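Novice: This one is protein20.txt, compact mmCIF, C-alpha atoms.
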# COMPACT_ATOMS: atom_id res chain seq x y z
CA MET A 1 86.95 -84.92 -27.89
CA ILE A 2 84.05 -82.88 -26.59
CA ALA A 3 84.72 -79.20 -26.59
CA ASN A 4 83.94 -77.42 -23.37
CA GLN A 5 81.87 -75.06 -25.46
CA GLN A 6 79.24 -77.73 -26.13
CA VAL A 7 78.90 -78.71 -22.48
CA PHE A 8 78.78 -75.03 -21.60
CA GLN A 9 75.92 -74.41 -24.05
CA PHE A 10 74.03 -77.42 -22.79
CA VAL A 11 74.35 -76.37 -19.13
CA LEU A 12 73.20 -72.90 -20.16
CA HIS A 13 70.15 -74.50 -21.76
CA LEU A 14 69.25 -76.20 -18.46
CA ALA A 15 69.85 -72.96 -16.57
CA ASP A 16 67.84 -70.82 -18.99
CA ASP A 17 64.92 -73.25 -18.98
CA SER A 18 64.65 -73.05 -15.19
CA LEU A 19 65.22 -69.31 -14.98
CA ILE A 20 62.68 -68.32 -17.62
CA LEU A 21 59.98 -70.70 -16.40
CA GLY A 22 60.74 -69.66 -12.81
CA HIS A 23 60.35 -66.03 -13.82
CA ARG A 24 57.02 -66.74 -15.52
CA LEU A 25 55.76 -68.46 -12.37
CA SER A 26 56.95 -65.58 -10.20
CA GLU A 27 54.59 -63.31 -12.14
CA TRP A 28 51.78 -65.01 -10.21
CA CYS A 29 53.05 -63.58 -6.94
CA GLY A 30 50.09 -61.69 -5.49
CA HIS A 31 47.78 -62.82 -8.33
CA GLY A 32 47.12 -66.48 -7.45
CA PRO A 33 43.48 -67.59 -7.45
CA THR A 34 43.70 -68.37 -3.72
CA ILE A 35 46.39 -67.68 -1.14
CA GLU A 36 47.44 -71.36 -1.07
CA GLN A 37 47.92 -71.45 -4.84
CA ASP A 38 49.71 -68.12 -4.78
CA ILE A 39 52.15 -69.62 -2.28
CA ALA A 40 52.43 -72.83 -4.27
CA LEU A 41 53.31 -71.11 -7.55
CA THR A 42 55.86 -68.83 -5.94
CA ASN A 43 57.41 -71.83 -4.18
CA LEU A 44 57.81 -73.53 -7.54
CA ALA A 45 59.30 -70.32 -8.88
CA LEU A 46 61.79 -70.18 -6.02
CA ASP A 47 62.91 -73.76 -6.60
CA LEU A 48 63.36 -73.17 -10.33
CA VAL A 49 65.28 -69.92 -9.94
CA GLY A 50 67.40 -71.65 -7.28
CA GLN A 51 68.08 -74.52 -9.68
CA SER A 52 69.03 -72.12 -12.45
CA ARG A 53 71.62 -70.59 -10.11
CA LEU A 54 73.26 -73.98 -9.63
CA TYR A 55 73.50 -74.42 -13.39
CA TYR A 56 74.72 -70.88 -14.06
CA GLN A 57 77.43 -71.32 -11.43
CA TYR A 58 78.45 -74.57 -13.09
CA ALA A 59 78.36 -72.98 -16.56
CA ALA A 60 80.55 -70.11 -15.37
CA GLU A 61 83.01 -72.65 -13.99
CA ILE A 62 83.13 -74.58 -17.28
CA GLU A 63 83.61 -71.44 -19.31
CA GLY A 64 86.41 -70.27 -17.04
CA LYS A 65 86.52 -66.73 -18.38
CA GLY A 66 85.68 -65.00 -15.16
CA ARG A 67 81.99 -64.51 -15.92
CA THR A 68 79.74 -65.13 -12.92
CA GLU A 69 76.25 -66.61 -12.55
CA ASP A 70 74.88 -63.06 -12.55
CA ASP A 71 76.67 -62.13 -15.78
CA LEU A 72 75.14 -65.17 -17.46
CA ALA A 73 71.64 -64.42 -16.23
CA TYR A 74 71.60 -60.67 -16.60
CA LEU A 75 73.96 -59.76 -19.40
CA ARG A 76 73.11 -62.07 -22.28
CA ASP A 77 70.64 -61.07 -24.95
CA VAL A 78 67.72 -62.96 -26.50
CA ILE A 79 69.73 -64.69 -29.19
CA GLU A 80 72.11 -66.14 -26.59
CA PHE A 81 69.34 -67.73 -24.52
CA ARG A 82 68.88 -71.48 -24.90
CA ASN A 83 65.56 -72.20 -23.19
CA HIS A 84 62.72 -74.20 -24.74
CA LEU A 85 60.10 -71.92 -26.30
CA ILE A 86 57.37 -73.34 -24.06
CA THR A 87 58.99 -71.78 -20.98
CA GLU A 88 58.87 -68.22 -22.31
CA LEU A 89 55.21 -68.12 -23.38
CA PRO A 90 53.21 -65.56 -21.36
CA ARG A 91 51.82 -66.98 -18.15
CA GLY A 92 48.24 -67.19 -19.44
CA ASP A 93 45.47 -68.23 -17.07
CA PHE A 94 45.79 -70.68 -14.19
CA ALA A 95 44.87 -73.65 -16.41
CA PHE A 96 47.60 -72.72 -18.88
CA THR A 97 50.10 -72.28 -16.05
CA VAL A 98 49.53 -75.64 -14.37
CA LEU A 99 49.36 -77.50 -17.68
CA ARG A 100 52.59 -75.97 -18.96
CA GLN A 101 54.16 -76.87 -15.62
CA TYR A 102 53.11 -80.45 -16.02
CA LEU A 103 54.24 -80.82 -19.65
CA TRP A 104 57.65 -79.29 -18.99
CA CYS A 105 58.14 -80.91 -15.61
CA SER A 106 57.23 -84.41 -16.77
CA PHE A 107 59.73 -84.08 -19.61
CA ARG A 108 62.41 -82.62 -17.35
CA THR A 109 62.06 -85.29 -14.64
CA GLU A 110 62.27 -88.04 -17.24
CA PHE A 111 65.34 -86.38 -18.75
CA TYR A 112 67.04 -85.91 -15.37
CA GLN A 113 66.40 -89.57 -14.47
CA HIS A 114 68.59 -90.48 -17.44
CA LEU A 115 71.10 -87.72 -16.75
CA LEU A 116 71.85 -89.23 -13.31
CA THR A 117 74.21 -91.72 -14.91
CA SER A 118 76.03 -89.20 -17.11
CA SER A 119 79.78 -89.68 -17.36
CA GLU A 120 80.04 -86.01 -16.45
CA ILE A 121 79.68 -86.53 -12.69
CA LYS A 122 78.58 -83.01 -11.91
CA LEU A 123 75.64 -83.20 -14.35
CA GLY A 124 74.37 -86.29 -12.54
CA GLU A 125 74.80 -84.68 -9.12
CA LEU A 126 72.85 -81.57 -10.05
CA ALA A 127 70.15 -83.66 -11.74
CA ALA A 128 69.73 -85.64 -8.51
CA LYS A 129 69.18 -82.46 -6.54
CA CYS A 130 66.69 -80.94 -8.99
CA LEU A 131 64.83 -84.19 -9.49
CA LYS A 132 63.66 -84.34 -5.88
CA GLU A 133 62.08 -80.92 -6.18
CA LEU A 134 60.58 -81.40 -9.63
CA GLN A 135 58.83 -84.61 -8.64
CA TYR A 136 56.93 -82.66 -6.02
CA HIS A 137 56.08 -79.95 -8.58
CA GLN A 138 54.78 -82.62 -10.89
CA ARG A 139 52.44 -84.04 -8.24
CA PHE A 140 51.12 -80.53 -7.67
CA SER A 141 50.35 -79.94 -11.34
CA ILE A 142 48.72 -83.36 -11.84
CA THR A 143 46.34 -82.63 -8.95
CA TRP A 144 45.21 -79.48 -10.73
CA ILE A 145 44.97 -81.04 -14.18
CA ASN A 146 42.54 -83.57 -12.74
CA ARG A 147 40.62 -81.08 -10.72
CA LEU A 148 40.14 -78.64 -13.58
CA GLY A 149 39.86 -81.21 -16.37
CA LEU A 150 37.11 -83.05 -14.50
CA GLY A 151 35.66 -79.96 -12.84
CA THR A 152 33.05 -77.68 -14.36
CA LYS A 153 32.32 -77.13 -18.03
CA VAL A 154 34.26 -73.86 -17.90
CA SER A 155 37.31 -75.32 -16.14
CA HIS A 156 37.38 -78.23 -18.57
CA GLU A 157 37.20 -75.88 -21.55
CA LYS A 158 40.02 -73.78 -20.19
CA MET A 159 42.21 -76.85 -19.73
CA GLN A 160 41.45 -78.11 -23.23
CA THR A 161 42.20 -74.70 -24.74
CA ALA A 162 45.48 -74.63 -22.85
CA LEU A 163 46.36 -78.09 -24.13
CA ASP A 164 45.58 -77.12 -27.73
CA GLU A 165 47.88 -74.12 -27.39
CA LEU A 166 50.71 -75.83 -25.53
CA TRP A 167 50.96 -79.21 -27.18
CA PRO A 168 52.75 -77.96 -30.35
CA TYR A 169 55.56 -76.64 -28.14
CA THR A 170 56.34 -80.07 -26.66
CA PHE A 171 57.78 -81.18 -30.01
CA GLU A 172 60.94 -79.22 -29.21
CA PHE A 173 61.71 -81.36 -26.14
CA PHE A 174 62.62 -84.21 -28.44
CA GLN A 175 64.68 -82.46 -31.10
CA PRO A 176 68.39 -82.48 -30.25
CA THR A 177 70.51 -79.67 -31.63
CA ALA A 178 73.67 -80.43 -33.57
CA ALA A 179 75.72 -79.61 -30.45
CA GLU A 180 73.56 -81.92 -28.35
CA GLU A 181 74.07 -84.73 -30.85
CA LYS A 182 77.78 -84.63 -30.08
CA LEU A 183 77.12 -84.83 -26.36
CA ILE A 184 74.71 -87.72 -26.91
CA ASN A 185 77.30 -89.62 -28.93
CA ALA A 186 79.81 -89.10 -26.14
CA SER A 187 77.26 -90.48 -23.61
CA LEU A 188 77.34 -87.24 -21.66
CA ILE A 189 73.62 -86.61 -21.98
CA PRO A 190 70.61 -88.83 -22.71
CA ASP A 191 69.11 -88.84 -26.18
CA CYS A 192 65.88 -86.92 -25.85
CA ARG A 193 64.40 -88.92 -28.74
CA ASP A 194 64.70 -92.08 -26.64
CA ILE A 195 62.60 -90.74 -23.81
CA ARG A 196 59.80 -89.56 -26.03
CA LYS A 197 57.89 -92.83 -25.88
CA THR A 198 57.92 -93.06 -22.08
CA TRP A 199 57.01 -89.41 -21.77
CA ASP A 200 54.24 -89.72 -24.32
CA GLN A 201 52.68 -92.71 -22.58
CA SER A 202 52.66 -91.20 -19.09
CA CYS A 203 51.51 -87.86 -20.44
CA GLN A 204 48.67 -89.30 -22.50
CA SER A 205 47.48 -91.32 -19.53
CA VAL A 206 47.43 -88.27 -17.20
CA LEU A 207 45.57 -86.19 -19.80
CA ARG A 208 43.11 -88.97 -20.61
CA GLU A 209 42.38 -89.40 -16.91
CA ALA A 210 41.42 -85.71 -16.84
CA SER A 211 39.27 -86.20 -19.98
CA LEU A 212 41.53 -83.97 -22.07
CA VAL A 213 42.24 -84.70 -25.71
CA VAL A 214 45.62 -84.24 -27.35
CA PRO A 215 45.18 -82.26 -30.58
CA GLN A 216 45.75 -84.36 -33.68
CA GLU A 217 46.73 -81.69 -36.16
CA HIS A 218 49.09 -78.95 -35.18
CA TRP A 219 52.25 -77.08 -36.01
CA ASP A 220 55.52 -78.05 -34.34
CA PHE A 221 57.52 -75.21 -32.89
CA GLN A 222 61.23 -75.27 -32.21
CA GLY A 223 64.30 -73.04 -32.21
CA GLY A 224 64.67 -71.91 -28.61
CA LYS A 225 67.64 -74.15 -27.93
CA GLU A 226 69.46 -72.48 -30.81
CA GLY A 227 68.58 -68.93 -29.87
CA MET A 228 65.57 -68.43 -32.14
CA HIS A 229 62.87 -67.21 -29.80
CA THR A 230 59.31 -65.95 -29.79
CA GLU A 231 58.76 -62.24 -29.32
CA HIS A 232 57.91 -62.89 -25.67
CA LEU A 233 61.44 -63.57 -24.43
CA GLY A 234 62.65 -60.05 -25.11
CA TYR A 235 60.01 -58.61 -22.81
CA ILE A 236 60.99 -60.93 -19.95
CA LEU A 237 64.65 -60.02 -20.34
CA ALA A 238 63.84 -56.33 -20.51
CA GLU A 239 62.12 -56.59 -17.15
CA MET A 240 64.55 -59.01 -15.55
CA GLN A 241 67.75 -57.38 -16.76
CA PHE A 242 66.70 -53.76 -16.42
CA LEU A 243 68.69 -53.04 -13.28
CA GLN A 244 71.99 -54.54 -14.46
CA ARG A 245 71.66 -52.92 -17.87
CA THR A 246 70.90 -49.51 -16.43
CA TYR A 247 73.34 -49.62 -13.54
CA PRO A 248 76.08 -52.06 -14.63
CA GLY A 249 77.73 -53.90 -11.76
CA LEU A 250 75.23 -52.75 -9.16
CA VAL A 251 75.17 -55.04 -6.09
CA TRP A 252 72.94 -55.30 -3.03
CA MET B 1 89.52 -87.51 23.18
CA VAL B 2 87.59 -84.48 22.02
CA THR B 3 88.83 -83.47 18.58
CA ARG B 4 88.77 -80.04 17.06
CA GLU B 5 85.97 -81.19 14.75
CA ASP B 6 83.92 -82.28 17.79
CA ARG B 7 84.31 -78.87 19.35
CA VAL B 8 83.16 -77.22 16.15
CA ARG B 9 80.16 -79.53 16.05
CA GLN B 10 79.28 -78.48 19.59
CA ILE B 11 79.28 -74.84 18.48
CA LEU B 12 77.14 -75.64 15.45
CA LEU B 13 74.57 -77.22 17.77
CA ARG B 14 73.86 -73.66 18.84
CA VAL B 15 73.49 -72.29 15.29
CA MET B 16 69.77 -72.36 14.63
CA ASP B 17 67.94 -72.55 11.32
CA PRO B 18 66.82 -68.98 10.60
CA GLU B 19 63.33 -70.04 9.52
CA ILE B 20 62.70 -72.64 12.23
CA PRO B 21 64.70 -71.24 15.14
CA VAL B 22 64.33 -74.29 17.41
CA ILE B 23 66.36 -76.69 15.32
CA SER B 24 70.12 -76.43 14.90
CA VAL B 25 71.94 -76.89 11.62
CA VAL B 26 73.35 -80.13 13.08
CA ASP B 27 69.94 -81.57 13.98
CA LEU B 28 68.55 -80.46 10.63
CA GLY B 29 71.21 -82.72 9.13
CA ILE B 30 72.67 -80.19 6.73
CA ILE B 31 76.26 -80.39 7.97
CA HIS B 32 78.03 -82.73 5.59
CA LYS B 33 81.63 -82.49 6.82
CA ILE B 34 83.74 -80.59 9.27
CA LYS B 35 87.40 -80.58 8.31
CA SER B 36 90.39 -79.20 10.15
CA VAL B 37 93.11 -78.43 7.61
CA ASP B 38 96.36 -76.75 8.64
CA GLY B 39 94.71 -74.87 11.45
CA ALA B 40 91.80 -73.72 9.30
CA ILE B 41 88.27 -75.02 9.70
CA GLU B 42 86.20 -76.01 6.72
CA VAL B 43 82.49 -76.71 7.11
CA GLN B 44 80.57 -78.26 4.23
CA VAL B 45 76.86 -77.54 4.20
CA MET B 46 74.20 -79.37 2.17
CA PRO B 47 71.51 -76.83 1.26
CA THR B 48 67.92 -78.05 1.66
CA TYR B 49 65.80 -76.76 -1.24
CA SER B 50 67.37 -74.95 -4.25
CA GLY B 51 64.91 -72.14 -3.71
CA CYS B 52 65.44 -71.75 0.01
CA PRO B 53 66.40 -68.11 0.68
CA ALA B 54 68.41 -69.25 3.71
CA THR B 55 70.91 -71.07 1.47
CA ASP B 56 73.30 -68.13 1.39
CA TYR B 57 72.47 -66.97 4.89
CA ILE B 58 73.19 -70.16 6.85
CA PRO B 59 76.90 -70.32 5.90
CA GLN B 60 77.23 -66.72 7.13
CA LEU B 61 75.63 -67.64 10.46
CA ILE B 62 77.96 -70.61 10.84
CA ALA B 63 81.07 -68.57 10.03
CA LYS B 64 80.02 -65.87 12.46
CA ALA B 65 79.43 -68.36 15.28
CA LEU B 66 82.83 -69.97 14.78
CA ARG B 67 84.69 -66.66 14.61
CA LYS B 68 83.00 -65.62 17.83
CA GLU B 69 84.47 -68.73 19.46
CA GLY B 70 87.96 -67.79 18.34
CA TYR B 71 88.35 -69.68 15.11
CA VAL B 72 90.13 -67.29 12.78
CA GLU B 73 90.42 -69.16 9.52
CA VAL B 74 86.93 -70.35 8.72
CA LYS B 75 85.61 -71.51 5.38
CA VAL B 76 81.98 -72.51 4.97
CA ILE B 77 80.91 -73.89 1.62
CA ASN B 78 77.68 -75.23 0.17
CA VAL B 79 77.92 -78.65 -1.46
CA ASN B 80 75.12 -79.88 -3.70
CA PHE B 81 76.13 -83.49 -3.47
CA PRO B 82 75.29 -85.60 -1.55
CA VAL B 83 71.74 -84.31 -1.77
CA TRP B 84 70.17 -83.40 1.55
CA GLY B 85 67.02 -85.27 2.49
CA THR B 86 64.71 -85.24 5.48
CA ASP B 87 66.07 -88.64 6.53
CA ARG B 88 69.12 -86.68 7.69
CA ILE B 89 67.16 -84.89 10.41
CA THR B 90 68.26 -86.36 13.76
CA SER B 91 65.82 -87.94 16.22
CA GLU B 92 66.46 -84.97 18.51
CA GLY B 93 65.62 -82.69 15.58
CA ARG B 94 62.35 -84.51 14.99
CA ARG B 95 61.47 -84.19 18.67
CA LEU B 96 62.20 -80.45 18.62
CA LEU B 97 60.11 -79.89 15.50
CA LYS B 98 57.13 -81.67 17.04
CA GLU B 99 57.50 -79.74 20.28
CA TYR B 100 57.51 -76.52 18.25
CA GLY B 101 54.25 -77.52 16.55
CA ILE B 102 55.62 -78.74 13.22
CA ALA B 103 54.85 -82.36 12.34
CA PRO B 104 58.15 -84.08 11.49
CA PRO B 105 58.48 -85.80 8.09
CA LYS B 106 56.87 -89.21 7.85
CA VAL B 107 57.61 -91.78 5.19
CA GLY B 108 54.31 -93.07 3.81
CA GLY B 109 50.88 -92.09 5.09
CA THR B 110 49.72 -88.80 6.50
CA PRO B 111 51.46 -86.95 9.34
CA ASP B 112 50.32 -87.15 12.95
CA CYS B 113 48.92 -83.99 14.50
CA PRO B 114 51.73 -82.43 16.59
CA GLN B 115 49.12 -81.04 19.02
CA CYS B 116 47.00 -84.05 19.93
CA GLY B 117 48.78 -86.92 18.14
CA ALA B 118 45.74 -87.99 16.11
CA ASN B 119 46.22 -89.22 12.56
CA ASP B 120 42.86 -88.08 11.23
CA VAL B 121 44.28 -85.13 9.29
CA GLU B 122 43.68 -83.39 5.95
CA GLN B 123 46.01 -81.45 3.70
CA ILE B 124 45.09 -77.81 3.25
CA SER B 125 47.95 -76.84 0.97
CA GLN B 126 50.86 -78.66 -0.65
CA PHE B 127 53.05 -75.65 0.07
CA GLY B 128 53.56 -73.59 3.20
CA SER B 129 55.41 -70.63 4.63
CA THR B 130 58.80 -72.10 3.65
CA PRO B 131 59.78 -74.46 0.81
CA CYS B 132 60.19 -77.35 3.27
CA LYS B 133 56.67 -77.31 4.68
CA SER B 134 53.06 -77.97 3.72
CA LEU B 135 49.82 -77.20 5.58
CA PHE B 136 47.49 -79.63 7.32
CA ARG B 137 44.53 -79.56 9.65
CA CYS B 138 43.68 -82.08 12.34
CA ARG B 139 40.09 -83.34 12.13
CA GLU B 140 40.28 -84.51 15.73
CA CYS B 141 41.34 -81.34 17.58
CA LEU B 142 40.57 -79.07 14.57
CA GLU B 143 43.93 -77.29 14.86
CA PRO B 144 45.79 -76.39 11.66
CA PHE B 145 49.47 -77.29 11.66
CA GLU B 146 52.57 -77.23 9.50
CA TYR B 147 54.14 -80.42 8.24
CA PHE B 148 57.82 -80.75 7.39
CA LYS B 149 57.54 -82.47 4.00
CA CYS B 150 59.33 -85.70 3.28
CA HIS B 151 62.11 -84.81 0.88
Can you present the structure in this file as structure tokens?

Specialist:
Amino acid sequence: MIANQQVFQFVLHLADDSLILGHRLSEWCGHGPTIEQDIALTNLALDLVGQSRLYYQYAAEIEGKGRTEDDLAYLRDVIEFRNHLITELPRGDFAFTVLRQYLWCSFRTEFYQHLLTSSEIKLGELAAKCLKELQYHQRFSITWINRLGLGTKVSHEKMQTALDELWPYTFEFFQPTAAEEKLINASLIPDCRDIRKTWDQSCQSVLREASLVVPQEHWDFQGGKEGMHTEHLGYILAEMQFLQRTYPGLVW
Amino acid sequence: MVTREDRVRQILLRVMDPEIPVISVVDLGIIHKIKSVDGAIEVQVMPTYSGCPATDYIPQLIAKALRKEGYVEVKVINVNFPVWGTDRITSEGRRLLKEYGIAPPKVGGTPDCPQCGANDVEQISQFGSTPCKSLFRCRECLEPFEYFKCH
């Protein structure tokens, strides 16, 4: 018997991932390198924040304690957030931003493909909706990885630096938590370990194409899915939750 | 026989998308179901993109239009499944988009210029003024235009 609590935590993880990454992307608003890229990044941000709403609404429904999507987004603290660490890292430069987008997005699309057939119907339905949008995001980031990776010496260096910094954070995609293990055994969610090979192959081929080299020796970071975060998350929450914390219950 | 649902559909044909005010919610293909239950009307809407700011606004517009026509008990809800796609845009909707200067979605290949019809076009930006559009330019007549992305 799967406790609602585990499904709830897992849905929160999906919601938090999208919200935090969406928030990071939104920081580009007005700072994009060109107007088209400014619009592109904010469009991605809008999609991700929109997707997080769908998951928060669903999580609130599962929990059934009267909390709303807003309560879940604005009134939980760092330790209760379940996002992957990679999503909370500061936005960095444009190379870092598009590369992070690609690494996360390629994992997420692969994961959602497998989630489509979940025995929890609603998980499959939401995955189908998000998948359509993420596939477009992925095409966008691949275009830029190629353009910058194969561009000038400077653009190539910036991409390689970004890859060296980001790669250690991809380890976490493939480490299920104890709660996730239970959901995997109940066939509610795909086993992230199983999709590692496919992800790795497609990822390596995209990076190779752009003449980027995956670092051989590195640390592996994890903990986000269990509430152990980098120092960066607190700052995002402070900014994002300021209004609700200062004026509880304030509405438009 | 004209059913109650048909009459509601007729009204919805006059509810325009707030971002592209020439196409109705019916022609945009976002109306999933219209149900008449015990005198009340329920309209199920399939939102387009998760990030579309009109997602909360469109149900309000629909409810307002129906109340104006005398329907008292109106419920408009967003459903996320089935997933909306551009294949749901009606042929009339596609015609209206083109007439308005937005190239309708095209499966495979590049869009045709809505101004001169040429296919010699280039993409300027993968994203546009709304989540559903991208930007192109026609190399034939040199006019830039918006393209309703295939989704």

Novice: Using only C-alpha atoms, what does the table of chain B residues within 9 Å of chain A look like, with each row giving the shortest atom pair and its distance in Å to one decimal, sorted by chain and ascending number, as CSV?

Specialist:
residue,atom,partner,partner_atom,distance
B:Tyr49,CA,A:Asp47,CA,6.8
B:Ser50,CA,A:Gly50,CA,4.5
B:Gly51,CA,A:Asp47,CA,3.9
B:Cys52,CA,A:Leu46,CA,7.2
B:Pro53,CA,A:Leu46,CA,8.4
B:Asn80,CA,A:Leu126,CA,7.0
B:Phe81,CA,A:Glu125,CA,5.9
B:Pro82,CA,A:Glu125,CA,7.6
B:Val83,CA,A:Lys129,CA,5.7
B:Trp84,CA,A:Lys129,CA,8.2
B:Ile124,CA,A:Glu36,CA,8.1
B:Ser125,CA,A:Glu36,CA,5.9
B:Gln126,CA,A:Ala40,CA,7.0
B:Phe127,CA,A:Ala40,CA,5.2
B:Gly128,CA,A:Ile39,CA,6.9
B:Ser129,CA,A:Ile39,CA,7.7
B:Thr130,CA,A:Asn43,CA,8.0
B:Pro131,CA,A:Asn43,CA,6.1
B:His151,CA,A:Lys132,CA,7.0

Novice: Report the distance between atom CA of Val98 of chain A and atom CA of Thr152 of chain A in Å, rounded to one decimal place.

Specialist: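 One can read the atom CA of Val98 of chain A to atom CA of Thr152 of chain A distance as 16.6 Å.
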
Novice: What is the atom CA of Thr198 of chain A-atom CA of Arg108 of chain A distance in Å, reported with one decimal?

Specialist: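 Atom-to-atom, atom CA of Thr198 of chain A and atom CA of Arg108 of chain A are spaced 12.3 Å apart.
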
Novice: Quick one: residues within 12 Å of segment 113-116 of chain B, all atoms listed in the file, excluding same-chain residues fewer than 2 positions away - as an NGL selection string?

Specialist: :B and (94-106 or 110-111 or 118-123 or 135-148)

Novice: Please determine the residues with any atom at most 6 Å from (64.2, -77.1, -32.6) (coordinates as given in the file, with all atoms listed in the file counting) and report them as a PyMOL selection string.

Specialist: chain A and resi 172+175+222-223

Novice: For Arg7 of chain B, list every protein, DNA or RNA residue within 12 Å, evaluated using all atoms listed in the file, and leave out those in the same chain fewer than 3 positions away; present the list as a list in words.

Specialist: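 Everything that qualifies: Met1, Val2, Thr3, Arg4, Gln10, Ile11, Leu12, Leu13, Arg14, Ile34, Lys35, Ser36, Ile41, Leu66, Glu69, Gly70 and Tyr71 of chain B.
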
Novice: Work out how far apart atom CA of Phe171 of chain A and atom CA of Thr230 of chain A are and give it in Å to one decimal.

Specialist: 15.3 Å

Novice: Up to 9 Å from (87.3, -74.0, 7.0) in the file's coordinates: name the residues, counting all atoms listed in the file, as a list of chain:residue names.

Specialist: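 Counting all atoms listed in the file, I find these residues within 9 Å of (87.3, -74.0, 7.0): B:Ile34, B:Lys35, B:Ser36, B:Val37, B:Gly39, B:Ala40, B:Ile41, B:Glu42, B:Val43, B:Gln44, B:Ala63, B:Glu73, B:Val74, B:Lys75, B:Val76, B:Ile77.
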
Novice: Using all atoms listed in the file, pick whichever of B:Cys132, B:Asp56, B:Met46, B:Val22 has the shortest atom-to-atom distance to Glu92 of chain B.

Specialist: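 Closest to Glu92 of chain B of all the choices is B:Val22.
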
Novice: Could you list, as an MDAnalysis selection string, every residue within 7 Å of segment 80-90 of chain A, counting all atoms listed in the file and ignoring same-chain residues fewer than 3 positions away?

Specialist: chainID A and resid 12:13 16:17 20:21 76:77 169 172 222 224:227 229:230 232:233

Novice: Please determine, counting only C-alpha atoms, which residue among A:Ser26, A:Gln113, A:Ser141, A:Asn4 has the shortest atom-to-atom distance to Cys192 of chain A.

Specialist: A:Gln113
